[in-house]
Amino acid sequence: MARLKIFDSGYATLISQDGTVVYHPNRDVWMNPVYSIIDETLGQAVRTSLADGQARDVEIVSKVTGNRSLVAVAPYAVAGTGSSWMIILAAPVNEAMAEVNAGVRIIVLIGAVLLILAIVVLYFLVSGITRTLAAIIDGLRSASHHVTSAANEISRSSQNFAEGATEQAASLEQTSSALEETASITRQNADNASKADDRRGDDGETFRFSGKTGCRPDSLRAGAGS
C-alpha cells in the first residue's frame with residue numbers, strides 16, 4: 001500500500017470489516033476506528049458501501065491534511081474469510097484537477113492559436129476579395145467610360161448625319177423649286193409658241209380671204225405703200 005502513488009500527496013487507507021484502520025500513511029491512526037479520523041460525510045459513505053458492497057465517491061475536507069479531497073470508497077471481498085474490507089483512495093482536489101486544468105489551458109491555448117490563424121486567414125481572404133472587387137469595379141468604370149465615349153461619338157455622328165440630311169433636304173427643295181420654275185417657264189414658252197403659231201395661221205387665212213374677193217396682192221401692196 002505504501003508504494004501506491006496517487007498524484008503528489010494522495011494516499012490510500014485500508015479498513016477492516018469492523019471499521020478498524022489497518023493501513024494509513026500516518027502510523028499514529030493505525031488500529032484506530034476509521035470514524036475517528038474521517039468526517040460524517042465520508043463515514044456515511046463507508047458504512048453504506050460496507051453494507052451494500054457498492055463503490056462511492058465523495059468530496060471532503062481531510063482531518064489529516066486539512067485539504068479538500070476527492071475520496072473514492074471501494075469495498076472488496078477478502079478471499080477465504082467471507083468478510084469485506086474497504087479501500088479508501090484520497091487525492092487533494094487541486095492535484096486531481098491539475099491535469100484537468102492543464103488540459104483546459106491547453107485547449108484554450110489551442111483555441112486561441114486557431115482563432116488567431118482563422119483571423120489571419122480571414123484577413124488575407126477578405127483582402128484578396130476586396131482587391132478583386134476593386135479590380136472589377138475599376139474595369140466596370142473603365143468600360144463605362146468607353147461606353148459613354150462611344151455613345152457621345154454616336155450622338156455626334158447622328159447629329160452630323162441629321163444636319164447633313166437637313167441640308168440635303170433643303171437642297172432637294174431648292175432643286176425642286178428650280179425644276180418647277182423651269183417647267184413653268186417651259187410651259188409659258190410653249191404657250192407663247194402656240195399663240196405665235198395661231199397668229200401666223202390667222203394671217204394666212206386673211207391672205208386667202210383676200211384672194212377670193214378678187215383683190216390683188218399688188219394693189220394691196222400699192223395701197224399699203226400710198
# chains A, B, ... in the order shown; residues from 1 in each chain; ligands from 1

$ select_by_dssp --residues "stretch 52-213 of chain A" --states "alpha helix (DSSP H)" --output "count of residues only"
120

$ residues_around --residues "A:Ala90" --least-positions-apart "4" --cutoff "7 Å" --atoms "only C-alpha atoms" --output "list of chain:residue names"
A:Gly10, A:Tyr11, A:Ala12, A:Ser69, A:Leu70, A:Val71, A:Ala72

$ write_last_selection --atoms "N, CA, C and O atoms" --output "PDB file, in the first residue's frame"
ATOM      1  N   GLY A  10      -1.619  12.348  -2.571  1.00  0.00           N
ATOM      2  CA  GLY A  10      -2.753  11.483  -2.284  1.00  0.00           C
ATOM      3  C   GLY A  10      -2.315  10.245  -1.516  1.00  0.00           C
ATOM      4  O   GLY A  10      -1.129   9.911  -1.436  1.00  0.00           O
ATOM      5  N   TYR A  11      -3.240   9.543  -0.955  1.00  0.00           N
ATOM      6  CA  TYR A  11      -2.896   8.384  -0.127  1.00  0.00           C
ATOM      7  C   TYR A  11      -4.020   7.368  -0.190  1.00  0.00           C
ATOM      8  O   TYR A  11      -5.141   7.663  -0.620  1.00  0.00           O
ATOM      9  N   ALA A  12      -3.700   6.170   0.287  1.00  0.00           N
ATOM     10  CA  ALA A  12      -4.675   5.079   0.352  1.00  0.00           C
ATOM     11  C   ALA A  12      -4.805   4.633   1.811  1.00  0.00           C
ATOM     12  O   ALA A  12      -3.847   4.666   2.591  1.00  0.00           O
ATOM     13  N   SER A  69     -10.470  17.165  -0.453  1.00  0.00           N
ATOM     14  CA  SER A  69     -10.012  15.973  -1.149  1.00  0.00           C
ATOM     15  C   SER A  69     -11.175  15.271  -1.823  1.00  0.00           C
ATOM     16  O   SER A  69     -12.322  15.343  -1.363  1.00  0.00           O
ATOM     17  N   LEU A  70     -10.852  14.610  -2.924  1.00  0.00           N
ATOM     18  CA  LEU A  70     -11.786  13.708  -3.578  1.00  0.00           C
ATOM     19  C   LEU A  70     -11.489  12.314  -3.063  1.00  0.00           C
ATOM     20  O   LEU A  70     -10.338  11.837  -3.125  1.00  0.00           O
ATOM     21  N   VAL A  71     -12.513  11.624  -2.553  1.00  0.00           N
ATOM     22  CA  VAL A  71     -12.317  10.326  -1.918  1.00  0.00           C
ATOM     23  C   VAL A  71     -13.180   9.286  -2.621  1.00  0.00           C
ATOM     24  O   VAL A  71     -14.381   9.503  -2.836  1.00  0.00           O
ATOM     25  N   ALA A  72     -12.543   8.158  -2.978  1.00  0.00           N
ATOM     26  CA  ALA A  72     -13.256   7.029  -3.569  1.00  0.00           C
ATOM     27  C   ALA A  72     -13.262   5.895  -2.550  1.00  0.00           C
ATOM     28  O   ALA A  72     -12.218   5.547  -1.979  1.00  0.00           O
TER      29      ALA A  72
END

$ select_by_dssp --residues "stretch 62-214 of chain A" --states "strand (DSSP E or B)" --output "VMD selection string"
chain A and resid 68 to 78 83 to 92

$ write_last_selection --atoms "all heavy atoms" --output "compact mmCIF listing (two decimals), in the first residue's frame"
# COMPACT_ATOMS: atom_id res chain seq x y z
N ARG A 68 -9.12 20.03 0.93
CA ARG A 68 -10.28 19.45 0.26
C ARG A 68 -9.80 18.29 -0.60
O ARG A 68 -8.86 18.42 -1.37
CB ARG A 68 -11.00 20.48 -0.60
CG ARG A 68 -11.69 21.55 0.22
CD ARG A 68 -12.34 22.62 -0.67
NE ARG A 68 -13.32 22.07 -1.58
CZ ARG A 68 -13.19 22.02 -2.90
NH1 ARG A 68 -12.08 22.48 -3.47
NH2 ARG A 68 -14.15 21.51 -3.65
N SER A 69 -10.47 17.17 -0.45
CA SER A 69 -10.01 15.97 -1.15
C SER A 69 -11.18 15.27 -1.82
O SER A 69 -12.32 15.34 -1.36
CB SER A 69 -9.33 15.00 -0.17
OG SER A 69 -8.22 15.60 0.44
N LEU A 70 -10.85 14.61 -2.92
CA LEU A 70 -11.79 13.71 -3.58
C LEU A 70 -11.49 12.31 -3.06
O LEU A 70 -10.34 11.84 -3.12
CB LEU A 70 -11.61 13.76 -5.09
CG LEU A 70 -12.00 15.08 -5.77
CD1 LEU A 70 -11.64 15.02 -7.25
CD2 LEU A 70 -13.47 15.39 -5.59
N VAL A 71 -12.51 11.62 -2.55
CA VAL A 71 -12.32 10.33 -1.92
C VAL A 71 -13.18 9.29 -2.62
O VAL A 71 -14.38 9.50 -2.84
CB VAL A 71 -12.67 10.37 -0.42
CG1 VAL A 71 -12.43 9.00 0.23
CG2 VAL A 71 -11.84 11.43 0.28
N ALA A 72 -12.54 8.16 -2.98
CA ALA A 72 -13.26 7.03 -3.57
C ALA A 72 -13.26 5.89 -2.55
O ALA A 72 -12.22 5.55 -1.98
CB ALA A 72 -12.59 6.58 -4.86
N VAL A 73 -14.44 5.34 -2.30
CA VAL A 73 -14.62 4.26 -1.33
C VAL A 73 -15.00 3.01 -2.09
O VAL A 73 -16.00 3.00 -2.82
CB VAL A 73 -15.71 4.61 -0.31
CG1 VAL A 73 -15.91 3.47 0.67
CG2 VAL A 73 -15.35 5.90 0.42
N ALA A 74 -14.20 1.93 -1.95
CA ALA A 74 -14.44 0.71 -2.72
C ALA A 74 -14.28 -0.52 -1.82
O ALA A 74 -13.16 -0.83 -1.38
CB ALA A 74 -13.49 0.62 -3.90
N PRO A 75 -15.36 -1.22 -1.52
CA PRO A 75 -15.24 -2.45 -0.74
C PRO A 75 -14.75 -3.62 -1.59
O PRO A 75 -14.96 -3.62 -2.82
CB PRO A 75 -16.67 -2.69 -0.26
CG PRO A 75 -17.52 -2.05 -1.29
CD PRO A 75 -16.75 -0.87 -1.82
N TYR A 76 -14.07 -4.60 -0.95
CA TYR A 76 -13.67 -5.80 -1.69
C TYR A 76 -13.70 -6.98 -0.73
O TYR A 76 -13.49 -6.85 0.47
CB TYR A 76 -12.29 -5.64 -2.32
CG TYR A 76 -11.15 -5.73 -1.35
CD1 TYR A 76 -10.45 -6.93 -1.16
CD2 TYR A 76 -10.76 -4.62 -0.61
CE1 TYR A 76 -9.39 -7.01 -0.26
CE2 TYR A 76 -9.70 -4.69 0.28
CZ TYR A 76 -9.02 -5.88 0.46
OH TYR A 76 -7.97 -5.96 1.35
N ALA A 77 -14.00 -8.11 -1.31
CA ALA A 77 -14.12 -9.34 -0.50
C ALA A 77 -12.74 -9.96 -0.28
O ALA A 77 -11.97 -10.11 -1.22
CB ALA A 77 -15.04 -10.33 -1.19
N VAL A 78 -12.45 -10.31 0.96
CA VAL A 78 -11.18 -10.95 1.29
C VAL A 78 -11.35 -12.45 1.09
O VAL A 78 -12.21 -13.09 1.70
CB VAL A 78 -10.78 -10.65 2.75
CG1 VAL A 78 -9.45 -11.35 3.07
CG2 VAL A 78 -10.67 -9.16 2.97
N SER A 83 -15.39 -12.12 4.56
CA SER A 83 -15.59 -10.75 5.04
C SER A 83 -15.22 -9.76 3.95
O SER A 83 -14.49 -10.08 3.01
CB SER A 83 -14.76 -10.49 6.30
OG SER A 83 -13.39 -10.65 6.01
N SER A 84 -15.71 -8.54 4.10
CA SER A 84 -15.42 -7.47 3.15
C SER A 84 -14.63 -6.38 3.85
O SER A 84 -15.01 -5.92 4.94
CB SER A 84 -16.72 -6.88 2.58
OG SER A 84 -17.40 -7.84 1.81
N TRP A 85 -13.53 -5.99 3.25
CA TRP A 85 -12.73 -4.87 3.75
C TRP A 85 -12.99 -3.66 2.82
O TRP A 85 -13.70 -3.76 1.82
CB TRP A 85 -11.24 -5.23 3.80
CG TRP A 85 -10.91 -6.14 4.95
CD1 TRP A 85 -11.74 -6.99 5.60
CD2 TRP A 85 -9.64 -6.26 5.56
NE1 TRP A 85 -11.11 -7.67 6.60
CE2 TRP A 85 -9.79 -7.23 6.60
CE3 TRP A 85 -8.39 -5.69 5.38
CZ2 TRP A 85 -8.73 -7.63 7.43
CZ3 TRP A 85 -7.34 -6.09 6.21
CH2 TRP A 85 -7.52 -7.03 7.22
N MET A 86 -12.35 -2.56 3.16
CA MET A 86 -12.60 -1.32 2.42
C MET A 86 -11.28 -0.64 2.08
O MET A 86 -10.39 -0.56 2.93
CB MET A 86 -13.46 -0.38 3.27
CG MET A 86 -13.79 0.95 2.62
SD MET A 86 -15.10 0.80 1.40
CE MET A 86 -16.46 0.27 2.41
N ILE A 87 -11.18 -0.19 0.82
CA ILE A 87 -10.05 0.64 0.40
C ILE A 87 -10.57 2.05 0.16
O ILE A 87 -11.56 2.24 -0.55
CB ILE A 87 -9.39 0.10 -0.89
CG1 ILE A 87 -8.75 -1.27 -0.65
CG2 ILE A 87 -8.34 1.08 -1.39
CD1 ILE A 87 -8.14 -1.88 -1.88
N ILE A 88 -9.90 3.02 0.77
CA ILE A 88 -10.25 4.43 0.59
C ILE A 88 -9.08 5.11 -0.10
O ILE A 88 -7.95 5.07 0.41
CB ILE A 88 -10.55 5.12 1.93
CG1 ILE A 88 -11.73 4.42 2.63
CG2 ILE A 88 -10.87 6.59 1.71
CD1 ILE A 88 -12.02 4.99 4.01
N LEU A 89 -9.35 5.70 -1.26
CA LEU A 89 -8.34 6.44 -2.02
C LEU A 89 -8.68 7.92 -1.95
O LEU A 89 -9.80 8.32 -2.33
CB LEU A 89 -8.29 5.97 -3.47
CG LEU A 89 -8.03 4.47 -3.69
CD1 LEU A 89 -8.08 4.15 -5.18
CD2 LEU A 89 -6.68 4.07 -3.11
N ALA A 90 -7.75 8.73 -1.47
CA ALA A 90 -7.99 10.17 -1.31
C ALA A 90 -6.93 10.94 -2.08
O ALA A 90 -5.74 10.59 -2.06
CB ALA A 90 -7.97 10.55 0.17
N ALA A 91 -7.38 12.01 -2.75
CA ALA A 91 -6.46 12.88 -3.50
C ALA A 91 -6.93 14.32 -3.35
O ALA A 91 -8.12 14.59 -3.43
CB ALA A 91 -6.41 12.50 -4.97
N PRO A 92 -6.00 15.26 -3.08
CA PRO A 92 -6.38 16.67 -2.98
C PRO A 92 -7.05 17.13 -4.28
O PRO A 92 -6.65 16.74 -5.38
CB PRO A 92 -5.06 17.39 -2.74
CG PRO A 92 -4.18 16.35 -2.14
CD PRO A 92 -4.57 15.06 -2.79

$ atom_distance --atom1 "atom CA of A:Val22" --atom2 "atom CA of A:Thr48"
19.2 Å

$ closest_residue --among "A:Ala112, A:Ala45, A:Val147, A:Val93" --to "A:Ile6" --atoms "only C-alpha atoms"
A:Val93
